[in-house]
Amino acid sequence: MNPDDNALFLDAMGDVQPLKRCADVQWQPGRTTRPQQRVDTSQLDNFLTTGFLDIVPLAQPLEFHREGVQQGVIDKLRSGKYPRQASLTLLRLTVEQCRQQLYTFICQAERDGLRNLIVIHGKGREENAHPNIVRSYLARWLAEFDAVQAFCVAQPHHGGSGACYVALRKSENAKLETRERHAKRSR
């Protein structure tokens, strides 16, 4: 302590009296307070629903495409020819965790301008197995995103029926770059 700090301390403690009969004093342990719950603000806008679910039969492959998506794009997606730019694994997660993870993943991919994703949801042997429940919710949730143009079952070497390819729409920046590239060709 420097002399100024020492003087400040002595000035602050000048009227403090020592405890009498220190042996009689019983210190109560402090109350343990629960850690403050953090609100995940990124999930406040999560619109994915978890209500009533029609379970997708195991024999039925996951497949969806928006109106206007070209058949060639769907065929190329189905054959796994697009490079996967990001992946999400939902194995052994609860339905609510899957919902939150998927929402965050798709929103982040959209912000980053990614187009081709893979989501690994796992395989179940029975209709009511947990992986098939997640798979059924995934089919509903992916269709709820405006950014998702199409999705389908992955190729066997990428997870087969336990994973699906997801194609997102082009970002405005990517559309502009494409227009500029094609405009240069036409000159």
# chains A, B, ... in the order shown; residues from 1 in each chain; ligands from 1
call {"tool": "closest_atom_pairs", "arguments": {"of": "stretch 29-102 of chain A", "to": "stretch 124-137 of chain A", "cutoff": "12 Å", "atoms": "only C-alpha atoms", "output": "tab-separated table"}}
result
residue	atom	partner	partner_atom	distance
A:Leu48	CA	A:Tyr137	CA	9.3
A:Thr49	CA	A:Tyr137	CA	8.6
A:Thr50	CA	A:Tyr137	CA	7.6
A:Gly51	CA	A:Tyr137	CA	9.6
A:Phe52	CA	A:Tyr137	CA	9.8
A:Leu53	CA	A:Tyr137	CA	7.1
A:Asp54	CA	A:Ser136	CA	7.2
A:Ile55	CA	A:Ser136	CA	5.4
A:Val56	CA	A:Ser136	CA	5.3
A:Pro57	CA	A:Glu127	CA	6.3
A:Leu58	CA	A:Glu127	CA	6.3
A:Ala59	CA	A:Glu127	CA	9.6
A:Gln60	CA	A:Ser136	CA	10.5
A:Pro61	CA	A:Arg135	CA	10.1
A:Leu62	CA	A:Arg135	CA	8.2
A:Glu63	CA	A:Ser136	CA	11.3
A:Thr89	CA	A:Val134	CA	11.5
A:Leu90	CA	A:Val134	CA	8.2
A:Leu91	CA	A:Pro131	CA	7.6
A:Arg92	CA	A:Pro131	CA	8.1
A:Leu93	CA	A:Val134	CA	8.9
A:Thr94	CA	A:Val134	CA	8.4
A:Val95	CA	A:Val134	CA	6.3
A:Glu96	CA	A:Val134	CA	9.8
A:Gln97	CA	A:Val134	CA	10.4
A:Cys98	CA	A:Val134	CA	7.5
A:Arg99	CA	A:Tyr137	CA	8.4
A:Leu102	CA	A:Tyr137	CA	10.7
call {"tool": "residues_around", "arguments": {"residues": "A:Phe105", "least_positions_apart": "4", "cutoff": "8 Å", "atoms": "only C-alpha atoms", "output": "list in words"}}
result
Leu88, Gln101 and Ala109 of chain A
call {"tool": "residues_around", "arguments": {"residues": "stretch 161-170 of chain A", "least_positions_apart": "5", "cutoff": "6 Å", "atoms": "only C-alpha atoms", "output": "list in words"}}
result
Arg115, Asn116, Leu117, Ile118, Val119, Ile120, His121, Gly122, Lys123, Ala147, Val148, Gln149, Ala150, Phe151, Cys152, Val153 and Ala154 of chain A
call {"tool": "select_by_dssp", "arguments": {"residues": "stretch 29-125 of chain A", "states": "strand (DSSP E or B)", "output": "NGL selection string"}}
result
:A and (63-65 or 86-89 or 116-120)
